[in-house]
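Q: To be precise about what I am sending: the file is called final_36.txt and holds compact mmCIF, C-alpha atoms and all ligand atoms.
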# COMPACT_ATOMS: atom_id res chain seq x y z
CA MET L 1 20.30 -0.51 -31.45
CA ALA L 2 19.79 -0.49 -27.69
CA ARG L 3 18.07 2.58 -26.23
CA GLN L 4 20.02 4.96 -24.01
CA LEU L 5 17.79 5.57 -20.99
CA LYS L 6 18.02 8.64 -18.78
CA PHE L 7 17.00 8.07 -15.16
CA ASN L 8 16.18 11.15 -13.09
CA ILE L 9 16.32 10.02 -9.48
CA PHE L 10 15.39 11.86 -6.29
CA ARG L 11 18.33 12.11 -3.91
CA PHE L 12 18.20 13.14 -0.25
CA ASN L 13 19.63 11.71 2.94
CA PRO L 14 17.60 13.03 5.91
CA GLN L 15 20.27 11.60 8.27
CA ASN L 16 22.89 13.97 6.84
CA PRO L 17 22.37 17.64 7.83
CA GLU L 18 24.32 18.74 4.75
CA SER L 19 22.16 16.81 2.32
CA ILE L 20 19.79 18.87 0.15
CA PRO L 21 16.86 17.29 -1.77
CA HIS L 22 17.65 17.29 -5.50
CA MET L 23 17.35 15.17 -8.66
CA GLU L 24 20.32 13.34 -10.16
CA SER L 25 20.53 11.89 -13.66
CA TYR L 26 22.11 8.61 -14.78
CA ILE L 27 22.42 7.24 -18.32
CA LEU L 28 22.10 3.49 -18.84
CA GLU L 29 21.94 1.30 -21.93
CA GLU L 30 18.71 -0.72 -21.97
CA THR L 31 19.03 -4.51 -22.06
CA ASP L 32 16.43 -7.15 -22.96
CA SER L 33 13.61 -7.47 -20.38
CA MET L 34 15.23 -4.81 -18.19
CA THR L 35 13.17 -4.01 -15.09
CA LEU L 36 13.65 -1.02 -12.81
CA PHE L 37 15.09 -3.50 -10.30
CA ILE L 38 17.84 -4.40 -12.76
CA ALA L 39 18.39 -0.78 -13.80
CA LEU L 40 18.69 0.55 -10.23
CA ASN L 41 21.07 -2.22 -9.23
CA ARG L 42 23.24 -1.53 -12.26
CA ILE L 43 23.29 2.19 -11.47
CA ARG L 44 24.30 1.42 -7.89
CA GLU L 45 26.96 -1.10 -8.92
CA GLU L 46 28.41 0.81 -11.88
CA GLN L 47 27.80 4.50 -11.21
CA ASP L 48 26.82 5.47 -7.67
CA GLY L 49 27.20 3.14 -4.68
CA SER L 50 25.42 5.58 -2.36
CA LEU L 51 22.01 5.25 -4.05
CA GLN L 52 19.36 3.99 -1.58
CA PHE L 53 16.33 1.91 -2.60
CA ASP L 54 14.58 -1.19 -1.25
CA PHE L 55 14.14 -4.63 -2.79
CA CYS L 56 13.67 -8.05 -1.31
CA CYS L 57 11.72 -10.62 -3.33
CA ARG L 58 12.03 -9.25 -6.91
CA ALA L 59 8.74 -11.01 -7.60
CA GLY L 60 5.95 -8.60 -6.58
CA ILE L 61 5.47 -10.35 -3.26
CA CYS L 62 7.24 -8.40 -0.50
CA GLY L 63 5.96 -4.92 -1.42
CA SER L 64 9.23 -3.22 -0.52
CA CYS L 65 10.18 -1.80 -3.94
CA ALA L 66 7.22 0.57 -4.41
CA MET L 67 8.16 4.03 -5.70
CA VAL L 68 6.70 6.75 -7.89
CA ILE L 69 7.55 5.94 -11.51
CA ASN L 70 6.96 8.81 -13.94
CA GLY L 71 4.33 10.18 -11.56
CA ARG L 72 2.54 6.93 -10.77
CA PRO L 73 3.12 4.65 -7.76
CA GLY L 74 4.15 1.13 -8.74
CA LEU L 75 6.44 -1.80 -7.98
CA ALA L 76 9.91 -1.29 -9.45
CA CYS L 77 10.61 -5.03 -9.71
CA HIS L 78 7.50 -5.51 -11.84
CA THR L 79 8.08 -2.53 -14.11
CA LYS L 80 9.78 -3.08 -17.47
CA THR L 81 11.76 -0.16 -18.87
CA LYS L 82 10.54 -0.99 -22.40
CA ASP L 83 7.08 0.26 -21.43
CA PHE L 84 8.48 3.75 -20.76
CA PRO L 85 9.91 6.58 -22.85
CA LEU L 86 13.65 7.32 -22.90
CA GLU L 87 13.42 9.39 -19.73
CA ILE L 88 12.26 7.78 -16.47
CA THR L 89 11.77 9.81 -13.30
CA LEU L 90 11.83 8.02 -9.95
CA THR L 91 10.79 9.59 -6.64
CA PRO L 92 10.00 8.00 -3.26
CA LEU L 93 6.43 7.28 -2.19
CA PRO L 94 4.90 10.32 -0.47
CA VAL L 95 3.02 9.98 2.88
CA PHE L 96 5.61 7.56 4.35
CA LYS L 97 8.72 8.58 6.28
CA LEU L 98 11.71 8.97 3.99
CA VAL L 99 14.67 6.75 4.87
CA GLY L 100 16.83 8.08 2.01
CA ASP L 101 16.59 8.59 -1.78
CA LEU L 102 13.91 6.08 -2.95
CA SER L 103 13.66 4.17 0.33
CA VAL L 104 10.71 4.84 2.65
CA ASP L 105 9.53 3.33 5.94
CA THR L 106 6.12 1.80 5.19
CA GLY L 107 6.26 -0.54 8.22
CA THR L 108 5.68 2.14 10.87
CA TRP L 109 2.67 3.53 8.97
CA PHE L 110 1.09 0.09 8.45
CA ARG L 111 1.66 -0.91 12.09
CA SER L 112 0.01 2.25 13.36
CA MET L 113 -2.99 2.00 10.99
CA TYR L 114 -3.48 -1.72 11.69
CA ASN L 115 -3.55 -0.89 15.40
CA LYS L 116 -6.14 1.78 14.65
CA VAL L 117 -8.43 -0.69 12.84
CA GLU L 118 -7.74 -3.32 15.53
CA SER L 119 -6.46 -5.75 12.96
CA TRP L 120 -6.93 -9.00 14.85
CA ILE L 121 -9.75 -11.49 15.44
CA HIS L 122 -11.97 -10.39 18.30
CA THR L 123 -13.46 -13.40 20.03
CA ASP L 124 -14.29 -14.60 23.56
CA LYS L 125 -13.17 -18.10 22.63
CA VAL L 126 -10.21 -19.20 24.75
CA PHE L 127 -7.31 -20.35 22.59
CA ASP L 128 -6.63 -24.08 22.83
CA ALA L 129 -3.46 -25.14 21.02
CA ASN L 130 -4.63 -28.79 20.95
CA ALA L 131 -8.11 -28.15 19.52
CA ILE L 132 -8.89 -29.10 15.93
CA GLU L 133 -8.98 -26.06 13.68
CA ASP L 134 -12.49 -24.64 13.09
CA PRO L 135 -13.72 -25.50 9.59
CA MET L 136 -14.64 -22.61 7.29
CA GLU L 137 -16.92 -22.71 4.24
CA ASN L 138 -14.87 -22.65 1.02
CA ASP L 139 -16.50 -19.50 -0.37
CA VAL L 140 -15.95 -17.64 2.93
CA ALA L 141 -12.30 -18.77 3.05
CA GLU L 142 -11.88 -17.53 -0.54
CA ASP L 143 -13.38 -14.14 0.37
CA VAL L 144 -10.97 -13.81 3.31
CA TYR L 145 -8.04 -14.92 1.14
CA GLU L 146 -8.95 -12.41 -1.58
CA LEU L 147 -8.69 -9.48 0.86
CA ASP L 148 -5.62 -10.94 2.57
CA ARG L 149 -3.56 -10.72 -0.66
CA CYS L 150 -2.40 -7.16 0.17
CA ILE L 151 1.42 -6.99 0.16
CA GLU L 152 1.50 -3.68 2.09
CA CYS L 153 3.44 -1.93 -0.66
CA GLY L 154 1.81 1.45 0.09
CA CYS L 155 1.02 2.33 -3.56
CA CYS L 156 -2.68 2.89 -2.77
CA VAL L 157 -1.80 5.20 0.12
CA ALA L 158 0.69 7.20 -1.97
CA ALA L 159 -1.94 7.67 -4.70
CA CYS L 160 -4.66 8.74 -2.28
CA GLY L 161 -5.52 12.45 -2.16
CA THR L 162 -7.01 12.18 1.33
CA ALA L 163 -3.99 10.33 2.78
CA ARG L 164 -1.70 12.98 1.30
CA LEU L 165 -3.70 15.77 2.93
CA ARG L 166 -4.36 14.11 6.27
CA ASP L 167 -1.92 11.88 8.11
CA ASP L 168 -4.68 10.45 10.36
CA PHE L 169 -6.60 8.95 7.37
CA MET L 170 -6.55 5.15 7.46
CA GLY L 171 -6.28 4.74 3.70
CA ALA L 172 -7.56 1.98 1.45
CA ALA L 173 -5.10 -0.66 2.72
CA ALA L 174 -6.15 -0.36 6.37
CA LEU L 175 -9.86 -0.15 5.47
CA ASN L 176 -9.45 -3.22 3.27
CA ARG L 177 -7.70 -4.90 6.20
CA LEU L 178 -10.71 -4.28 8.43
CA GLY L 179 -12.98 -5.59 5.64
CA ARG L 180 -11.09 -8.86 5.87
CA PHE L 181 -12.27 -9.27 9.50
CA VAL L 182 -15.84 -8.24 8.64
CA VAL L 183 -16.14 -11.32 6.38
CA ASP L 184 -14.31 -13.64 8.81
CA PRO L 185 -16.92 -15.54 10.87
CA ARG L 186 -14.41 -16.03 13.70
CA ASP L 187 -14.46 -12.28 14.41
CA LYS L 188 -17.44 -11.63 16.67
CA ARG L 189 -17.49 -7.83 16.46
CA THR L 190 -20.89 -6.25 15.82
CA ASP L 191 -21.51 -3.66 13.10
CA LYS L 192 -21.63 -1.02 15.86
CA GLN L 193 -18.16 -2.08 17.06
CA TYR L 194 -16.79 -1.85 13.51
CA PHE L 195 -18.45 1.56 13.24
CA ASP L 196 -16.65 2.73 16.38
CA VAL L 197 -13.37 1.87 14.66
CA ILE L 198 -13.88 3.23 11.10
CA GLY L 199 -17.13 5.28 11.20
CA SER L 200 -15.40 8.67 11.11
CA ASP L 201 -13.47 11.05 8.85
CA GLU L 202 -10.28 9.21 9.75
CA GLY L 203 -11.93 6.07 8.42
CA ILE L 204 -14.48 5.29 5.72
CA PHE L 205 -16.21 8.72 5.72
CA GLY L 206 -12.91 10.49 4.92
CA CYS L 207 -12.63 8.55 1.65
CA MET L 208 -13.58 10.66 -1.39
CA GLY L 209 -14.28 7.59 -3.51
CA LEU L 210 -12.26 8.59 -6.58
CA LEU L 211 -10.46 5.25 -6.51
CA ALA L 212 -6.88 6.17 -7.36
CA CYS L 213 -6.10 3.41 -4.84
CA GLU L 214 -7.65 0.68 -6.98
CA ASP L 215 -6.07 2.09 -10.17
CA VAL L 216 -2.54 1.63 -8.83
CA CYS L 217 -2.87 -1.52 -6.69
CA PRO L 218 -0.35 -3.98 -8.16
CA LYS L 219 -2.25 -6.96 -6.72
CA ASN L 220 -5.58 -5.83 -8.23
CA LEU L 221 -7.36 -5.95 -4.90
CA PRO L 222 -11.08 -5.17 -5.18
CA LEU L 223 -10.71 -1.88 -3.28
CA MET L 224 -13.63 -0.17 -5.02
CA ASN L 225 -16.05 -2.92 -3.92
CA GLN L 226 -14.57 -3.03 -0.43
CA LEU L 227 -14.75 0.72 0.17
CA SER L 228 -18.30 1.05 -1.15
CA TYR L 229 -19.43 -2.00 0.83
CA LEU L 230 -17.97 -0.58 4.06
CA ARG L 231 -19.37 2.90 3.35
CA ARG L 232 -22.87 1.45 2.86
CA LYS L 233 -22.62 -0.77 5.93
CA MET L 234 -21.33 2.01 8.16
CA GLY L 235 -23.90 4.46 6.72
CA ILE L 236 -26.68 2.11 7.80
CA VAL L 237 -25.25 1.93 11.35
CA ALA L 238 -25.06 5.76 11.47
CA ILE L 239 -28.71 6.10 10.36
CA LYS L 240 -29.87 3.50 12.89
CA GLN L 241 -28.06 5.42 15.64
CA MET L 242 -29.73 8.68 14.61
CA PHE L 243 -33.18 7.10 14.97
CA LYS L 244 -32.32 5.58 18.32
CA LYS L 245 -31.85 9.00 19.91
S1 LIG G 301 -11.10 6.06 -3.05
FE1 LIG G 301 -10.74 6.69 -0.94
S2 LIG G 301 -9.02 5.46 -0.20
FE2 LIG G 301 -9.06 5.28 -2.48
S3 LIG G 301 -7.66 6.89 -3.22
FE3 LIG G 301 -9.69 7.82 -3.16
S4 LIG G 301 -9.90 8.79 -1.11
FE4 LIG G 301 -8.14 7.35 -1.05
S1 LIG G 302 -4.08 -2.62 -1.20
FE1 LIG G 302 -2.80 -2.95 -3.04
S2 LIG G 302 -1.73 -1.01 -3.32
FE2 LIG G 302 -2.53 -1.00 -1.25
S3 LIG G 302 -0.89 -1.73 0.04
FE3 LIG G 302 -2.14 -3.52 -0.50
S4 LIG G 302 -1.23 -4.37 -2.36
FE4 LIG G 302 -0.36 -2.33 -2.09
S1 LIG G 303 11.08 -6.52 -4.53
FE1 LIG G 303 9.38 -7.46 -3.52
S2 LIG G 303 7.67 -6.56 -4.47
FE2 LIG G 303 9.34 -5.74 -5.59
Rewrite the structure of this file - the entire thing - as C-alpha cells.
Ligand code: SF4
Ligand code: SF4
Ligand code: FES
A:
Amino acid sequence: MARQLKFNIFRFNPQNPESIPHMESYILEETDSMTLFIALNRIREEQDGSLQFDFCCRAGICGSCAMVINGRPGLACHTKTKDFPLEITLTPLPVFKLVGDLSVDTGTWFRSMYNKVESWIHTDKVFDANAIEDPMENDVAEDVYELDRCIECGCCVAACGTARLRDDFMGAAALNRLGRFVVDPRDKRTDKQYFDVIGSDEGIFGCMGLLACEDVCPKNLPLMNQLSYLRRKMGIVAIKQMFKK
C-alpha cells in the first residue's frame, strides 16, 4: 500500500504585510520514484496554488531548488521521498533573502561574494578576438574544471555556521571560486594579491574548518581540500609579511 506522506512546509510572503511566518501541512500519497520536485508540484497543482518554490532544470544542474529538507540543505529535485520517514519538513535556505515560502534569492548573494573575491581572470594581456586560444595542459584544465562544477545552489552556505553568524563571510562557494583562479595559469595575480582578497576573517581565516559545507555539497566538490589548501597558502603569505616588517 502506498505511504501517506505529511509535508510540513514553511509559509511566509514578505511582500504581504499581513503574512505571518508559520508551517502548513499537506498530505500526499507517495508514488513510485517520487522526488520532492514531483511532490511540491502536485501540492501546488492539487492543494494550494499559492505555494512558492523554485525549480528549473529538474536534473541537479541549475541549483535553484535547494532547500532545507528535514534539517539538512539539499536539492529537492534530487531527493527521493522514499529515503525519508512519513513526515518531511521543508524550510527555505537560511542566509539568503527570502522571496516567499521555499524560494530564496541566491543570485544577489553570489554576485556580491564573487565581486568580493574578484572572480575574473586578472591579466595584462590585451584581448584579441582573432587570436588562437591559448593551449592549457590537460591536468591543469581538469583541475580548473573540477572547481568550476559548482552550481551555486547555496547548500554549503546554508550549512555553514560562520555564514549564518556573519553576513560578510565569503563562504565555501566563493572561496572555492577564488581557488579556481589560483590554479588557472592565465590569472597573473600573485599570492600577495590573493591574500589581499581573502586573507581576513571575512575570507579564509573566518572559516572554522568543520566542513559542513563539504558534507552537504550535492556536486561533491572537494571543498575540504580547497579550504585547507587556501588556508595554508594564505598562512604562508601572512608569516612572510610578518618577517618583512
Ligand atoms: S568549513 Fe568553513 S566554509 Fe565550510 S561550513 Fe565550516 S566554516 Fe563554513
Ligand atoms: S560548492 Fe557545492 S554546495 Fe556550494 S554552492 Fe557550489 S554546488 Fe552548491
Ligand atoms: S531544479 Fe535545477 S538543480 Fe534542482
Q: By how many Å are atom CA of L:Cys77 and atom CA of L:Gln47 apart?
A: 19.7 Å
Q: Write out as a Markdown table the residues of chain L that have any atom within 8 Å of an atom of ligand LIG 301 (chain G), one row each with the nearest atom pair and its distance in Å to one decimal, counting all atoms listed in the file, sorted by chain and then rising number.
A:
| residue | atom | partner | partner_atom | distance |
| --- | --- | --- | --- | --- |
| L:Cys156 | CA | G:LIG301 | S3 | 6.4 |
| L:Val157 | CA | G:LIG301 | FE4 | 6.8 |
| L:Ala159 | CA | G:LIG301 | S3 | 6.0 |
| L:Cys160 | CA | G:LIG301 | S3 | 3.6 |
| L:Gly161 | CA | G:LIG301 | S4 | 5.8 |
| L:Thr162 | CA | G:LIG301 | S4 | 5.1 |
| L:Ala163 | CA | G:LIG301 | FE4 | 6.4 |
| L:Gly171 | CA | G:LIG301 | S2 | 4.8 |
| L:Ala172 | CA | G:LIG301 | S2 | 4.1 |
| L:Ala173 | CA | G:LIG301 | S2 | 7.8 |
| L:Ile204 | CA | G:LIG301 | FE1 | 7.8 |
| L:Gly206 | CA | G:LIG301 | S4 | 7.0 |
| L:Cys207 | CA | G:LIG301 | FE1 | 3.7 |
| L:Met208 | CA | G:LIG301 | S4 | 4.1 |
| L:Gly209 | CA | G:LIG301 | S1 | 3.6 |
| L:Leu210 | CA | G:LIG301 | FE3 | 4.3 |
| L:Leu211 | CA | G:LIG301 | S1 | 3.6 |
| L:Ala212 | CA | G:LIG301 | S3 | 4.3 |
| L:Cys213 | CA | G:LIG301 | S3 | 4.1 |
| L:Glu214 | CA | G:LIG301 | FE2 | 6.6 |
| L:Leu223 | CA | G:LIG301 | FE2 | 7.4 |
| L:Met224 | CA | G:LIG301 | S1 | 7.0 |
| L:Leu227 | CA | G:LIG301 | S1 | 7.2 |
Q: For a test of reading the model, state the distance in Å between atom CA of L:His78 and atom CA of L:Asn176, rounded to one decimal.
A: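 These two atoms are separated by 22.8 Å.
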Q: Could you give me the residues within 10 Å of ligand LIG 302 (chain G), counting only C-alpha atoms and all ligand atoms, as a ChimeraX atom specification?
A: /L:60-64,66,73-75,106,110,147-159,171-177,212-223
Q: Closest to L:Asn8 among L:Phe205, L:Phe55, L:Tyr145, L:Tyr26, using all atoms listed in the file?
A: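 Once distances to L:Asn8 are computed over all atoms listed in the file, the minimum belongs to L:Tyr26.
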Q: Have a look at L:Ala2, L:Ser19, L:Leu40, L:Ala59 and name the one nearest to ligand LIG 303 (chain G); count only C-alpha atoms and all ligand atoms.
A: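 With only C-alpha atoms and all ligand atoms as the atom set, the closest residue is L:Ala59.
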Q: Enter the distance from atom CA of L:Gly107 to atom CA of L:Phe37, in Å, rounded to one decimal.
A: 20.7 Å
Q: Using only C-alpha atoms and all ligand atoms, which of the listed residues (L:Asn41, L:Ser25, L:Gln241, L:Asn130) sits closest to ligand LIG 303 (chain G)?
A: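 The shortest atom-to-atom distance to ligand LIG 303 (chain G) comes from L:Asn41.
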Q: Pick out the closest residue to ligand LIG 303 (chain G) from this set: L:Thr31, L:Ser119, L:Thr79, L:Ser228. Count only C-alpha atoms and all ligand atoms.
A: L:Thr79
Q: As AutoDock Vina command-line options, please: the centre and edge lengths in Å, to one decimal, of an axis-aligned box enclosing every listed atom of ligand LIG 303 (chain G) with 8 Å added on each side.
A:
--center_x 9.4 --center_y -6.6 --center_z -4.6 --size_x 19.4 --size_y 17.7 --size_z 18.1
Q: Considering all atoms listed in the file, state which residue in the set L:Glu30, L:Glu202, L:Asp54, L:Asp168 is at the smallest distance from ligand LIG 303 (chain G).
A: L:Asp54
Q: Using all atoms listed in the file, pick whichever of L:Val183, L:Arg42, L:Lys80, L:Val237 has the shortest atom-to-atom distance to L:Glu137.
A: L:Val183
Q: Pick out the residues sitting within 7 Å of L:Leu86, and hand them over as a list in words; count all atoms listed in the file, and ignore anything fewer than 3 positions along from it in its own chain.
A: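 My reading of the contact set: Gln4, Leu5 and Lys6 of chain L.
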Q: Output C-alpha atoms of each residue in that selection to a file, as a PDB file, in the coordinates of the input.
A:
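Resulting contents of result-v9.pdb:
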ATOM      1  CA  GLN L   4      20.020   4.960 -24.010  1.00  0.00           C
ATOM      2  CA  LEU L   5      17.790   5.570 -20.990  1.00  0.00           C
ATOM      3  CA  LYS L   6      18.020   8.640 -18.780  1.00  0.00           C
TER       4      LYS L   6
END
Q: Residues within 12 Å of L:Lys233, please, as a short mmCIF file (atom, residue, chain, number, x, y, z; two decimals) with C-alpha atoms, in the frame of the given file. Count all atoms listed in the file; anything in the same chain fewer than 4 positions from it doesn't count.
A:
data_model
loop_
_atom_site.label_atom_id
_atom_site.label_comp_id
_atom_site.auth_asym_id
_atom_site.auth_seq_id
_atom_site.Cartn_x
_atom_site.Cartn_y
_atom_site.Cartn_z
CA GLY L 179 -12.98 -5.59 5.64
CA VAL L 182 -15.84 -8.24 8.64
CA THR L 190 -20.89 -6.25 15.82
CA ASP L 191 -21.51 -3.66 13.10
CA LYS L 192 -21.63 -1.02 15.86
CA TYR L 194 -16.79 -1.85 13.51
CA PHE L 195 -18.45 1.56 13.24
CA ILE L 198 -13.88 3.23 11.10
CA GLY L 199 -17.13 5.28 11.20
CA ILE L 204 -14.48 5.29 5.72
CA PHE L 205 -16.21 8.72 5.72
CA GLN L 226 -14.57 -3.03 -0.43
CA LEU L 227 -14.75 0.72 0.17
CA SER L 228 -18.30 1.05 -1.15
CA TYR L 229 -19.43 -2.00 0.83
CA VAL L 237 -25.25 1.93 11.35
CA ALA L 238 -25.06 5.76 11.47
CA ILE L 239 -28.71 6.10 10.36
CA LYS L 240 -29.87 3.50 12.89
#
Q: From the structure block, carefully write stretch 183-204 of chain L out with C-alpha atoms; format it as a short mmCIF file (atom, residue, chain, number, x, y, z; two decimals), in the first residue's frame.
A:
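Writing done, so here's result_24.cif:
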data_model
loop_
_atom_site.label_atom_id
_atom_site.label_comp_id
_atom_site.auth_asym_id
_atom_site.auth_seq_id
_atom_site.Cartn_x
_atom_site.Cartn_y
_atom_site.Cartn_z
CA VAL L 183 45.07 27.14 -10.39
CA ASP L 184 44.35 28.93 -13.69
CA PRO L 185 47.69 29.90 -15.30
CA ARG L 186 46.00 32.74 -17.22
CA ASP L 187 45.38 34.60 -13.94
CA LYS L 188 48.54 36.52 -13.15
CA ARG L 189 47.72 37.53 -9.58
CA THR L 190 50.47 36.98 -7.02
CA ASP L 191 49.92 35.17 -3.71
CA LYS L 192 50.03 38.59 -2.01
CA GLN L 193 47.22 39.84 -4.25
CA TYR L 194 45.11 36.77 -3.44
CA PHE L 195 45.89 37.38 0.22
CA ASP L 196 44.58 40.94 -0.05
CA VAL L 197 41.28 39.49 -1.26
CA ILE L 198 40.72 36.52 1.10
CA GLY L 199 43.38 36.83 3.85
CA SER L 200 40.97 38.06 6.53
CA ASP L 201 38.13 36.96 8.82
CA GLU L 202 35.69 37.65 6.01
CA GLY L 203 37.67 35.18 3.92
CA ILE L 204 39.69 32.05 4.65
#
